[in-house]
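As provided, final.cif (mmCIF, C-alpha atoms and all ligand atoms) reads as follows.
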data_entry
#
loop_
_atom_site.label_atom_id
_atom_site.label_comp_id
_atom_site.auth_asym_id
_atom_site.auth_seq_id
_atom_site.Cartn_x
_atom_site.Cartn_y
_atom_site.Cartn_z
CA MET A 852 161.07 68.83 -51.15
CA THR A 853 164.73 67.92 -50.97
CA VAL A 854 166.00 66.67 -47.67
CA GLU A 855 168.92 68.82 -46.57
CA ILE A 856 169.27 67.63 -43.01
CA ASP A 857 168.29 64.00 -42.50
CA LEU A 858 167.67 63.14 -38.86
CA ILE A 859 165.42 60.16 -39.56
CA SER A 860 168.02 57.56 -38.58
CA ASP A 861 171.75 56.93 -38.21
CA THR A 862 171.29 54.35 -40.98
CA SER A 863 171.06 57.15 -43.55
CA THR A 864 174.83 57.68 -43.58
CA ARG A 865 176.76 57.06 -46.78
CA PRO A 866 180.43 56.10 -46.95
CA GLY A 867 182.72 59.10 -47.30
CA ALA A 868 185.66 59.31 -49.71
CA GLU A 869 188.16 57.79 -47.28
CA MET A 870 185.93 54.85 -46.36
CA LEU A 871 185.23 54.25 -50.05
CA ALA A 872 188.95 54.29 -50.80
CA ALA A 873 189.56 51.73 -48.04
CA MET A 874 186.79 49.53 -49.47
CA CYS A 875 188.18 49.72 -53.00
CA ALA A 876 191.65 48.80 -51.80
CA ALA A 877 190.44 45.74 -49.84
CA GLU A 878 192.08 42.39 -50.35
CA THR A 879 189.28 39.91 -50.99
CA GLY A 880 188.54 36.25 -51.63
CA ASP A 881 185.70 33.77 -51.27
CA GLU A 882 184.33 34.26 -47.77
CA GLN A 883 182.61 30.87 -47.73
CA ARG A 884 185.99 29.19 -48.21
CA TYR A 885 187.57 31.35 -45.46
CA GLU A 886 189.65 32.95 -48.21
CA ASP A 887 188.61 36.53 -47.61
CA PRO A 888 191.43 38.01 -45.50
CA THR A 889 189.66 41.30 -44.82
CA THR A 890 186.55 39.59 -43.44
CA LEU A 891 188.74 37.37 -41.24
CA ALA A 892 190.60 40.46 -40.00
CA LEU A 893 187.31 42.20 -39.19
CA GLU A 894 186.11 39.17 -37.21
CA ILE A 895 189.33 39.00 -35.18
CA ARG A 896 189.18 42.73 -34.49
CA ALA A 897 185.51 42.61 -33.48
CA ALA A 898 186.03 39.67 -31.11
CA GLU A 899 188.83 41.62 -29.43
CA LEU A 900 186.79 44.84 -29.17
CA LEU A 901 183.86 42.93 -27.66
CA GLY A 902 185.92 40.79 -25.28
CA GLN A 903 184.67 37.53 -26.81
CA GLU A 904 186.45 34.47 -28.22
CA LYS A 905 185.14 34.62 -31.77
CA ALA A 906 183.10 36.79 -34.10
CA LEU A 907 181.15 36.36 -37.32
CA PHE A 908 180.48 38.93 -40.04
CA LEU A 909 176.79 38.99 -41.04
CA PRO A 910 174.77 41.10 -43.48
CA SER A 911 172.56 42.73 -40.83
CA GLY A 912 171.87 43.22 -37.17
CA THR A 913 168.51 41.55 -37.55
CA MET A 914 170.26 38.39 -38.74
CA CYS A 915 172.57 38.58 -35.69
CA ASN A 916 169.55 38.62 -33.39
CA GLN A 917 167.77 35.83 -35.23
CA ILE A 918 170.81 33.57 -35.40
CA SER A 919 171.47 34.13 -31.70
CA PHE A 920 167.94 32.98 -30.84
CA LEU A 921 168.29 30.00 -33.20
CA VAL A 922 171.46 28.95 -31.36
CA HIS A 923 170.23 29.61 -27.80
CA CYS A 924 166.63 28.38 -28.09
CA ARG A 925 164.62 25.29 -28.91
CA PRO A 926 161.00 25.61 -30.08
CA GLY A 927 158.80 26.47 -27.11
CA ASP A 928 161.47 28.47 -25.28
CA GLU A 929 160.93 31.97 -23.95
CA ILE A 930 162.92 35.20 -24.28
CA ILE A 931 162.63 38.02 -21.72
CA CYS A 932 163.11 41.53 -23.14
CA ALA A 933 161.82 45.11 -22.80
CA ASP A 934 158.49 45.76 -24.52
CA SER A 935 160.15 48.48 -26.64
CA ALA A 936 162.85 46.07 -27.89
CA HIS A 937 163.64 45.87 -31.61
CA VAL A 938 163.55 42.05 -31.41
CA PHE A 939 159.99 42.21 -30.03
CA GLY A 940 158.43 44.80 -32.30
CA SER A 941 160.55 45.29 -35.40
CA GLU A 942 161.78 41.93 -36.67
CA GLY A 943 158.58 40.38 -38.03
CA ALA A 944 158.24 38.11 -34.98
CA GLY A 945 161.37 36.38 -36.29
CA ALA A 946 162.02 34.58 -33.00
CA ALA A 947 158.61 32.90 -33.30
CA ALA A 948 158.79 32.32 -37.05
CA LEU A 949 162.35 30.95 -37.09
CA ALA A 950 163.48 29.71 -33.66
CA GLY A 951 159.95 28.87 -32.45
CA ALA A 952 160.51 30.97 -29.32
CA GLN A 953 158.09 33.43 -27.72
CA PHE A 954 158.74 36.68 -25.88
CA ARG A 955 157.89 37.62 -22.32
CA PRO A 956 158.20 41.42 -22.48
CA ILE A 957 158.83 43.72 -19.52
CA SER A 958 157.07 47.08 -19.62
CA SER A 959 159.76 49.77 -19.52
CA SER A 960 159.59 53.27 -21.01
CA THR A 961 163.39 53.55 -21.01
CA GLY A 962 164.03 50.06 -22.36
CA ILE A 963 166.10 49.33 -19.27
CA PHE A 964 165.07 46.90 -16.51
CA THR A 965 166.71 45.37 -13.46
CA ALA A 966 167.39 41.81 -12.35
CA ASP A 967 164.56 42.34 -9.83
CA ASP A 968 162.20 43.14 -12.73
CA ALA A 969 163.30 40.06 -14.66
CA LEU A 970 163.31 37.59 -11.76
CA PRO A 971 159.52 37.13 -11.43
CA LEU A 972 159.27 36.51 -15.19
CA ILE A 973 161.68 33.57 -15.12
CA ARG A 974 159.52 30.46 -14.94
CA GLU A 975 160.09 27.52 -12.64
CA PRO A 976 160.99 24.43 -14.66
CA ARG A 977 157.69 22.57 -15.13
CA HIS A 978 156.54 20.29 -17.88
CA ARG A 979 153.72 22.62 -18.91
CA SER A 980 155.62 25.93 -18.73
CA PRO A 981 157.63 27.55 -21.47
CA ARG A 982 161.33 27.17 -20.78
CA SER A 983 162.87 30.55 -19.88
CA ARG A 984 166.00 30.61 -21.98
CA VAL A 985 167.28 34.09 -22.89
CA ILE A 986 167.37 37.57 -21.35
CA GLU A 987 167.73 40.13 -24.12
CA VAL A 988 169.03 43.70 -23.66
CA GLU A 989 169.45 46.53 -26.14
CA GLN A 990 172.53 48.74 -25.84
CA THR A 991 171.68 51.59 -26.32
CA THR A 992 167.89 51.37 -26.03
CA ASN A 993 166.55 52.61 -29.36
CA ARG A 994 162.89 53.29 -28.54
CA GLY A 995 163.85 53.95 -24.95
CA GLY A 996 165.66 57.14 -26.04
CA GLY A 997 169.20 55.90 -26.65
CA ARG A 998 169.77 55.18 -23.00
CA VAL A 999 172.84 53.35 -21.77
CA TRP A 1000 172.62 50.15 -19.71
CA PRO A 1001 174.98 50.54 -16.75
CA VAL A 1002 177.63 47.83 -16.37
CA ALA A 1003 176.34 46.96 -12.88
CA ALA A 1004 172.81 46.29 -14.17
CA LEU A 1005 174.20 44.00 -16.86
CA GLN A 1006 176.36 42.21 -14.31
CA ASP A 1007 173.28 41.52 -12.17
CA LEU A 1008 171.36 40.22 -15.18
CA ALA A 1009 174.27 38.00 -16.26
CA THR A 1010 174.49 36.51 -12.78
CA LEU A 1011 170.74 35.90 -12.68
CA ALA A 1012 170.68 34.42 -16.18
CA HIS A 1013 173.54 32.04 -15.46
CA GLU A 1014 172.05 30.91 -12.13
CA ARG A 1015 168.91 29.93 -14.04
CA ASP A 1016 170.68 28.26 -16.97
CA MET A 1017 169.77 31.12 -19.31
CA ALA A 1018 171.80 33.15 -21.78
CA LEU A 1019 172.26 36.94 -21.75
CA HIS A 1020 172.02 38.31 -25.29
CA MET A 1021 172.90 41.90 -26.20
CA ASP A 1022 171.49 43.66 -29.25
CA GLY A 1023 174.39 46.11 -29.51
CA ALA A 1024 173.16 47.99 -32.57
CA ARG A 1025 174.54 51.14 -30.88
CA LEU A 1026 176.96 49.59 -28.40
CA PHE A 1027 179.75 52.01 -29.33
CA ASN A 1028 177.46 54.95 -28.57
CA ALA A 1029 177.11 53.49 -25.09
CA SER A 1030 180.84 52.95 -24.83
CA VAL A 1031 181.70 56.53 -25.82
CA SER A 1032 178.95 57.98 -23.64
CA ALA A 1033 180.03 56.02 -20.56
CA GLY A 1034 183.76 56.43 -21.25
CA LEU A 1035 184.22 52.66 -21.04
CA PRO A 1036 185.55 50.19 -23.61
CA ALA A 1037 182.80 48.30 -25.45
CA ARG A 1038 184.05 45.06 -23.90
CA ALA A 1039 183.13 46.33 -20.43
CA PHE A 1040 179.50 45.73 -21.46
CA ALA A 1041 179.89 43.09 -24.16
CA SER A 1042 182.08 40.59 -22.32
CA LEU A 1043 179.29 40.10 -19.75
CA CYS A 1044 177.03 38.63 -22.45
CA ASP A 1045 176.83 35.15 -23.93
CA SER A 1046 176.16 36.65 -27.35
CA VAL A 1047 176.51 40.23 -28.53
CA TRP A 1048 176.67 42.10 -31.82
CA VAL A 1049 177.37 45.58 -33.14
CA ASP A 1050 175.91 47.19 -36.21
CA LEU A 1051 178.34 48.66 -38.72
CA SER A 1052 175.55 50.42 -40.61
CA LYS A 1053 174.29 52.68 -37.79
CA GLY A 1054 176.49 55.30 -36.13
CA LEU A 1055 179.68 53.74 -37.51
CA GLY A 1056 178.65 54.85 -41.00
CA CYS A 1057 179.13 51.69 -43.10
CA PRO A 1058 176.73 50.82 -45.95
CA PHE A 1059 175.82 47.50 -44.38
CA GLY A 1060 176.88 44.72 -42.06
CA ALA A 1061 177.03 43.68 -38.44
CA VAL A 1062 179.37 41.52 -36.39
CA LEU A 1063 178.11 38.87 -33.96
CA ALA A 1064 180.41 37.65 -31.18
CA GLY A 1065 180.44 34.97 -28.51
CA SER A 1066 182.24 31.85 -27.34
CA GLU A 1067 183.95 29.55 -29.81
CA ASP A 1068 181.09 27.03 -29.44
CA PHE A 1069 178.42 29.68 -29.93
CA ILE A 1070 180.05 31.03 -33.10
CA ALA A 1071 180.53 27.49 -34.50
CA GLU A 1072 176.74 26.99 -34.26
CA ALA A 1073 176.05 30.49 -35.54
CA LEU A 1074 178.17 29.76 -38.63
CA ILE A 1075 175.91 26.82 -39.51
CA TRP A 1076 172.86 29.10 -39.31
CA LYS A 1077 174.63 31.78 -41.34
CA HIS A 1078 174.91 29.28 -44.20
CA ARG A 1079 171.40 27.90 -43.72
CA LEU A 1080 169.82 31.33 -43.84
CA GLY A 1081 171.84 32.45 -46.84
CA GLY A 1082 173.91 34.96 -44.90
CA ALA A 1083 177.23 33.54 -46.13
CA MET A 1084 178.82 35.83 -48.69
CA ARG A 1085 181.66 35.78 -51.23
CA GLN A 1086 183.98 38.82 -51.65
CA SER A 1087 182.60 40.34 -48.46
CA GLY A 1088 185.97 41.95 -47.82
CA PHE A 1089 184.83 45.08 -49.63
CA MET A 1090 182.22 45.54 -46.91
CA ALA A 1091 184.44 44.28 -44.09
CA ALA A 1092 187.00 46.93 -45.09
CA ALA A 1093 184.39 49.58 -44.37
CA GLY A 1094 183.93 48.04 -40.92
CA LEU A 1095 187.66 48.05 -40.18
CA PHE A 1096 187.86 51.67 -41.34
CA ALA A 1097 184.93 52.54 -39.06
CA PHE A 1098 186.54 50.85 -36.03
CA ASP A 1099 189.64 53.01 -36.60
CA HIS A 1100 187.98 56.32 -37.43
CA ASN A 1101 184.31 56.50 -36.50
CA ILE A 1102 184.05 55.44 -32.85
CA GLU A 1103 185.53 58.39 -30.91
CA ARG A 1104 183.62 60.89 -33.06
CA LEU A 1105 180.28 59.51 -31.81
CA ALA A 1106 180.78 62.01 -28.96
CA ASP A 1107 180.01 64.77 -31.52
CA ASP A 1108 176.67 63.10 -32.33
CA HIS A 1109 175.86 62.96 -28.62
CA ARG A 1110 176.65 66.65 -28.10
CA ASN A 1111 174.53 67.52 -31.16
CA ALA A 1112 171.58 65.48 -29.86
CA GLU A 1113 171.83 67.21 -26.49
CA HIS A 1114 171.86 70.61 -28.17
CA PHE A 1115 168.77 69.69 -30.20
CA ALA A 1116 166.97 68.63 -27.02
CA THR A 1117 167.98 71.80 -25.18
CA VAL A 1118 166.59 74.05 -27.93
CA LEU A 1119 163.31 72.13 -28.17
CA ARG A 1120 162.81 72.17 -24.38
CA ASP A 1121 162.01 75.82 -24.83
CA VAL A 1122 158.58 74.89 -26.29
CA SER A 1123 156.25 74.70 -23.32
CA GLY A 1124 154.15 71.55 -23.14
CA LEU A 1125 156.59 69.61 -25.31
CA LYS A 1126 158.14 66.65 -23.53
CA VAL A 1127 161.71 65.98 -24.60
CA THR A 1128 163.48 62.77 -23.63
CA PRO A 1129 165.90 61.70 -22.40
CA GLU A 1130 166.26 64.34 -19.68
CA SER A 1131 170.01 63.72 -19.46
CA GLY A 1132 172.64 61.17 -20.45
CA PHE A 1133 172.30 61.71 -24.17
CA THR A 1134 173.59 59.45 -26.86
CA ASN A 1135 172.41 60.14 -30.43
CA ILE A 1136 168.63 59.74 -30.04
CA VAL A 1137 166.04 62.31 -28.91
CA PHE A 1138 162.29 61.78 -28.62
CA LEU A 1139 159.68 64.53 -28.78
CA ASP A 1140 156.33 63.80 -27.15
CA LEU A 1141 153.60 66.07 -28.54
CA SER A 1142 150.76 64.68 -26.35
CA GLU A 1143 150.15 68.00 -24.61
CA LEU A 1144 150.29 70.04 -27.82
CA ASP A 1145 147.54 70.70 -30.33
CA VAL A 1146 149.44 69.18 -33.26
CA THR A 1147 150.09 65.62 -34.44
CA ALA A 1148 153.47 64.11 -35.20
CA PRO A 1149 152.75 63.60 -38.94
CA THR A 1150 151.63 67.25 -39.32
CA PHE A 1151 154.74 68.52 -37.56
CA ALA A 1152 157.06 66.21 -39.54
CA ALA A 1153 155.49 67.26 -42.86
CA ALA A 1154 155.79 70.97 -42.00
CA LEU A 1155 159.42 70.53 -40.95
CA LEU A 1156 160.18 68.67 -44.16
CA GLU A 1157 159.10 71.82 -46.02
CA SER A 1158 162.22 73.40 -44.49
CA GLY A 1159 164.38 70.49 -45.62
CA VAL A 1160 164.61 68.71 -42.25
CA ARG A 1161 163.49 65.10 -42.04
CA VAL A 1162 162.56 63.45 -38.71
CA ASN A 1163 160.93 60.13 -37.90
CA VAL A 1164 157.24 59.76 -36.98
CA GLU A 1165 157.17 57.05 -34.31
CA GLY A 1166 153.52 57.40 -33.32
CA PRO A 1167 150.56 59.79 -33.59
CA LYS A 1168 152.22 62.12 -31.08
CA ARG A 1169 155.79 60.88 -31.06
CA ILE A 1170 158.84 61.99 -33.06
CA ARG A 1171 162.32 60.49 -33.08
CA VAL A 1172 165.42 62.48 -34.02
CA VAL A 1173 168.76 60.72 -34.59
CA THR A 1174 172.11 62.46 -35.04
CA HIS A 1175 174.93 60.84 -37.05
CA LEU A 1176 178.14 61.51 -38.97
CA ASP A 1177 176.41 62.88 -42.06
CA VAL A 1178 174.91 65.84 -40.16
CA SER A 1179 177.28 68.50 -38.87
CA THR A 1180 176.99 70.43 -35.62
CA ALA A 1181 175.89 73.49 -37.59
CA GLN A 1182 173.22 71.49 -39.43
CA VAL A 1183 171.81 70.00 -36.24
CA ALA A 1184 171.75 73.47 -34.66
CA ARG A 1185 169.87 74.79 -37.68
CA ALA A 1186 167.48 71.82 -37.61
CA ALA A 1187 166.81 72.47 -33.93
CA ASP A 1188 165.97 76.13 -34.57
CA LEU A 1189 163.73 75.19 -37.51
CA ALA A 1190 161.97 72.47 -35.48
CA ARG A 1191 161.35 74.89 -32.63
CA GLU A 1192 160.02 77.64 -34.94
CA THR A 1193 157.83 75.14 -36.84
CA LEU A 1194 156.29 73.82 -33.64
CA LEU A 1195 155.64 77.29 -32.23
CA ARG A 1196 153.99 78.30 -35.52
CA LEU A 1197 151.78 75.19 -35.60
CA ILE A 1198 150.53 75.49 -32.02
CA ARG A 1199 150.01 79.25 -32.09
C1 LIG A 1201 168.67 48.86 -36.47
C2 LIG A 1201 168.48 47.99 -35.30
C3 LIG A 1201 168.46 46.60 -35.44
C4 LIG A 1201 168.54 45.91 -36.78
O1 LIG A 1201 169.74 46.11 -37.42
P1 LIG A 1201 169.82 45.98 -39.02
O2 LIG A 1201 171.29 46.01 -39.26
O3 LIG A 1201 169.08 47.17 -39.57
O4 LIG A 1201 169.17 44.69 -39.36
C5 LIG A 1201 168.32 45.84 -34.31
N1 LIG A 1201 168.22 46.41 -33.09
C6 LIG A 1201 168.24 47.73 -32.91
C7 LIG A 1201 168.13 48.30 -31.55
C8 LIG A 1201 168.34 48.57 -34.02
O5 LIG A 1201 168.33 49.90 -33.84
#

Could I get this structure in the form of structure tokens?
Ligand SMILES: *Cc1c(COP(=O)(O)O)cnc(C)c1O
Amino acid sequence: MTVEIDLISDTSTRPGAEMLAAMCAAETGDEQRYEDPTTLALEIRAAELLGQEKALFLPSGTMCNQISFLVHCRPGDEIICADSAHVFGSEGAGAAALAGAQFRPISSSTGIFTADDALPLIREPRHRSPRSRVIEVEQTTNRGGGRVWPVAALQDLATLAHERDMALHMDGARLFNASVSAGLPARAFASLCDSVWVDLSKGLGCPFGAVLAGSEDFIAEALIWKHRLGGAMRQSGFMAAAGLFAFDHNIERLADDHRNAEHFATVLRDVSGLKVTPESGFTNIVFLDLSELDVTAPTFAAALLESGVRVNVEGPKRIRVVTHLDVSTAQVARAADLARETLLRLIR
């Protein structure tokens, strides 16, 4: 069955003609010798957008997270995060395998927690205790339903972290979705953090890449790890050009993805017994909880695929739908109608 409408992830986007033209026209050089002007321009632009001193172009968001932990932590240190966090469940326990750090997760269905939630998990300095070192937040919360961390909550966490000699790290895979949704510049969130990155390959529509930002000292250390881990590239300007194009053209339009996600949720809410989250405050992610229905997520996803619509199975009764720039408003509307009809048929 050919996939006509792919809602599995915002990573499924492909560069359009204009982005490709910008990539082809990029001025390039050897990145490892600081001779790639387009990569350098992307790093300057990203640092400015994120309200940080310096930035570093890396191949993936996962590498941004791992390098951040390598810089912030020593073996035996502890990282506080939500139990739904990508760093906790989807990076091959990289923090343990590479930095030698362990997680102390906070149970949170939305992926958001408060300074009051984090406080009791910060350990008193004792010779036999792990050293609490990092508080990690995800903006927006992927498995939490694309929810947006409010600036005030981040401010409280930054204050708490700094009082306790800890770092606040932001996995900003979808930071610009948060920015557009809240009507605030990305730096309003990002400048509160000691390290922060944005993915170019999610909603921004680039084929790959992410940019990590922080203080001059942090980025100097991160650069060493970039080389050690084999993340240093050569004519990376072709990819950096896609990032610069995305910063200019693909941020404001994320509002369309958010409207489309909300429409999808509204249509599916019509199916009684189906739980649709979030309830409000949409970005580009919608979750369907089929617990109360007599159908499993894999059965529903397979049936929907027969109509050309692909969605993500996140659990036996859980489906994730992600809108992005390669699905139009009309396509999402059609996918919503098909999803609703398919569900009603299956539970009849
Ligand atoms: C996709 C994602 C990552 C990893 O980014 P890659 O660029 O795919 O390595 C990390 N965190 C979150 C929340 C993500 O959604």

From the list A:Ser941, A:Trp1000, A:Thr889, A:Ile931, which residue is nearest Pro971 of chain A when using all atoms listed in the file?
A:Ile931

Would you list the residues that come within 8 Å of ligand LIG 1201 (chain A)? Count all atoms listed in the file and give the answer as number ranges by chain.
A: 862, 910-916, 936-938, 941-942, 989-994, 1022-1025, 1050-1053, 1059-1061

Neighbours of segment 1104-1116 of chain A within 10 Å (all atoms listed in the file; same-chain residues fewer than 2 positions away dropped), as a short mmCIF file (atom, residue, chain, number, x, y, z; two decimals) with C-alpha atoms, keeping the file's coordinate frame?
data_model
loop_
_atom_site.label_atom_id
_atom_site.label_comp_id
_atom_site.auth_asym_id
_atom_site.auth_seq_id
_atom_site.Cartn_x
_atom_site.Cartn_y
_atom_site.Cartn_z
CA ASP A 861 171.75 56.93 -38.21
CA GLY A 997 169.20 55.90 -26.65
CA PHE A 1027 179.75 52.01 -29.33
CA ASN A 1028 177.46 54.95 -28.57
CA ALA A 1029 177.11 53.49 -25.09
CA SER A 1030 180.84 52.95 -24.83
CA VAL A 1031 181.70 56.53 -25.82
CA SER A 1032 178.95 57.98 -23.64
CA GLY A 1034 183.76 56.43 -21.25
CA GLY A 1054 176.49 55.30 -36.13
CA LEU A 1055 179.68 53.74 -37.51
CA HIS A 1100 187.98 56.32 -37.43
CA ASN A 1101 184.31 56.50 -36.50
CA ILE A 1102 184.05 55.44 -32.85
CA VAL A 1118 166.59 74.05 -27.93
CA LEU A 1119 163.31 72.13 -28.17
CA ARG A 1120 162.81 72.17 -24.38
CA ASP A 1121 162.01 75.82 -24.83
CA LYS A 1126 158.14 66.65 -23.53
CA VAL A 1127 161.71 65.98 -24.60
CA THR A 1128 163.48 62.77 -23.63
CA PRO A 1129 165.90 61.70 -22.40
CA GLU A 1130 166.26 64.34 -19.68
CA SER A 1131 170.01 63.72 -19.46
CA GLY A 1132 172.64 61.17 -20.45
CA PHE A 1133 172.30 61.71 -24.17
CA THR A 1134 173.59 59.45 -26.86
CA ASN A 1135 172.41 60.14 -30.43
CA ILE A 1136 168.63 59.74 -30.04
CA VAL A 1137 166.04 62.31 -28.91
CA PHE A 1138 162.29 61.78 -28.62
CA LEU A 1139 159.68 64.53 -28.78
CA VAL A 1172 165.42 62.48 -34.02
CA VAL A 1173 168.76 60.72 -34.59
CA THR A 1174 172.11 62.46 -35.04
CA HIS A 1175 174.93 60.84 -37.05
CA LEU A 1176 178.14 61.51 -38.97
CA ASP A 1177 176.41 62.88 -42.06
CA VAL A 1178 174.91 65.84 -40.16
CA SER A 1179 177.28 68.50 -38.87
CA THR A 1180 176.99 70.43 -35.62
CA ALA A 1181 175.89 73.49 -37.59
CA GLN A 1182 173.22 71.49 -39.43
CA VAL A 1183 171.81 70.00 -36.24
CA ALA A 1184 171.75 73.47 -34.66
CA ARG A 1185 169.87 74.79 -37.68
CA ALA A 1186 167.48 71.82 -37.61
CA ALA A 1187 166.81 72.47 -33.93
CA ASP A 1188 165.97 76.13 -34.57
CA ALA A 1190 161.97 72.47 -35.48
CA ARG A 1191 161.35 74.89 -32.63
#

Find the spatial neighbours of Ser919 of chain A, counting only C-alpha atoms, within a cut-off of 9 Å - ignore same-chain residues fewer than 2 positions away - and output them as a PDB file with C-alpha atoms, in the coordinates of the input.
ATOM      1  CA  MET A 914     170.260  38.390 -38.740  1.00  0.00           C
ATOM      2  CA  CYS A 915     172.570  38.580 -35.690  1.00  0.00           C
ATOM      3  CA  ASN A 916     169.550  38.620 -33.390  1.00  0.00           C
ATOM      4  CA  GLN A 917     167.770  35.830 -35.230  1.00  0.00           C
ATOM      5  CA  LEU A 921     168.290  30.000 -33.200  1.00  0.00           C
ATOM      6  CA  VAL A 922     171.460  28.950 -31.360  1.00  0.00           C
ATOM      7  CA  HIS A 923     170.230  29.610 -27.800  1.00  0.00           C
ATOM      8  CA  CYS A 924     166.630  28.380 -28.090  1.00  0.00           C
ATOM      9  CA  HIS A1020     172.020  38.310 -25.290  1.00  0.00           C
ATOM     10  CA  SER A1046     176.160  36.650 -27.350  1.00  0.00           C
ATOM     11  CA  VAL A1047     176.510  40.230 -28.530  1.00  0.00           C
ATOM     12  CA  LEU A1063     178.110  38.870 -33.960  1.00  0.00           C
ATOM     13  CA  PHE A1069     178.420  29.680 -29.930  1.00  0.00           C
ATOM     14  CA  ALA A1073     176.050  30.490 -35.540  1.00  0.00           C
TER      15      ALA A1073
END

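Atom to atom, atom CA of Leu1189 of chain A and atom CA of Val999 of chain A stand 28.4 Å apart.
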
Near Ile973 of chain A, counting all atoms listed in the file, which residues have an atom at most 12 Å away, once you skip same-chain residues fewer than 5 positions from it, shown as a CSV table (one decimal) with C-alpha atoms, keeping the file's coordinate frame?
chain,number,residue,atom,x,y,z
A,928,ASP,CA,161.5,28.5,-25.3
A,929,GLU,CA,160.9,32.0,-24.0
A,930,ILE,CA,162.9,35.2,-24.3
A,931,ILE,CA,162.6,38.0,-21.7
A,932,CYS,CA,163.1,41.5,-23.1
A,954,PHE,CA,158.7,36.7,-25.9
A,955,ARG,CA,157.9,37.6,-22.3
A,956,PRO,CA,158.2,41.4,-22.5
A,957,ILE,CA,158.8,43.7,-19.5
A,966,ALA,CA,167.4,41.8,-12.4
A,967,ASP,CA,164.6,42.3,-9.8
A,968,ASP,CA,162.2,43.1,-12.7
A,980,SER,CA,155.6,25.9,-18.7
A,981,PRO,CA,157.6,27.6,-21.5
A,982,ARG,CA,161.3,27.2,-20.8
A,983,SER,CA,162.9,30.6,-19.9
A,984,ARG,CA,166.0,30.6,-22.0
A,985,VAL,CA,167.3,34.1,-22.9
A,986,ILE,CA,167.4,37.6,-21.4
A,1008,LEU,CA,171.4,40.2,-15.2
A,1011,LEU,CA,170.7,35.9,-12.7
A,1012,ALA,CA,170.7,34.4,-16.2
A,1013,HIS,CA,173.5,32.0,-15.5
A,1014,GLU,CA,172.0,30.9,-12.1
A,1015,ARG,CA,168.9,29.9,-14.0
A,1016,ASP,CA,170.7,28.3,-17.0
A,1017,MET,CA,169.8,31.1,-19.3

Could you list, as a ChimeraX atom specification, every residue within 8 Å of Leu901 of chain A, counting all atoms listed in the file and ignoring same-chain residues fewer than 5 positions away?
/A:1037-1038,1041-1042,1047,1064

Residues around (186.2, 36.2, -49.3), cut-off 12 Å, counting all atoms listed in the file - what are they as a list in words?
Ala877, Glu878, Thr879, Gly880, Asp881, Glu882, Gln883, Arg884, Tyr885, Glu886, Asp887, Pro888, Thr889, Thr890, Leu891, Ala892, Leu893, Phe908, Ala1083, Met1084, Arg1085, Gln1086, Ser1087, Gly1088, Phe1089, Met1090, Ala1091 and Ala1092 of chain A

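Minimum atom-to-atom distance to Ala868 of chain A, evaluated using only C-alpha atoms, belongs to A:Phe1096 out of A:Leu1141, A:Glu1067, A:Phe1096, A:Gln903.
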
Up to 12 Å from (158.0, 72.1, -47.3) in the file's coordinates: name the residues, counting only C-alpha atoms, as a PyMOL selection string.
chain A and resi 852-855+1150-1161+1189+1193

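Between atom CA of Ile895 of chain A and atom CA of Ala1097 of chain A there is a distance of 14.8 Å.
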
Rounded to one decimal in Å, what is the spacing between atom CA of Asn1163 of chain A and atom CA of Glu1192 of chain A?
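Pair atom CA of Asn1163 of chain A / atom CA of Glu1192 of chain A returns 17.8 Å.
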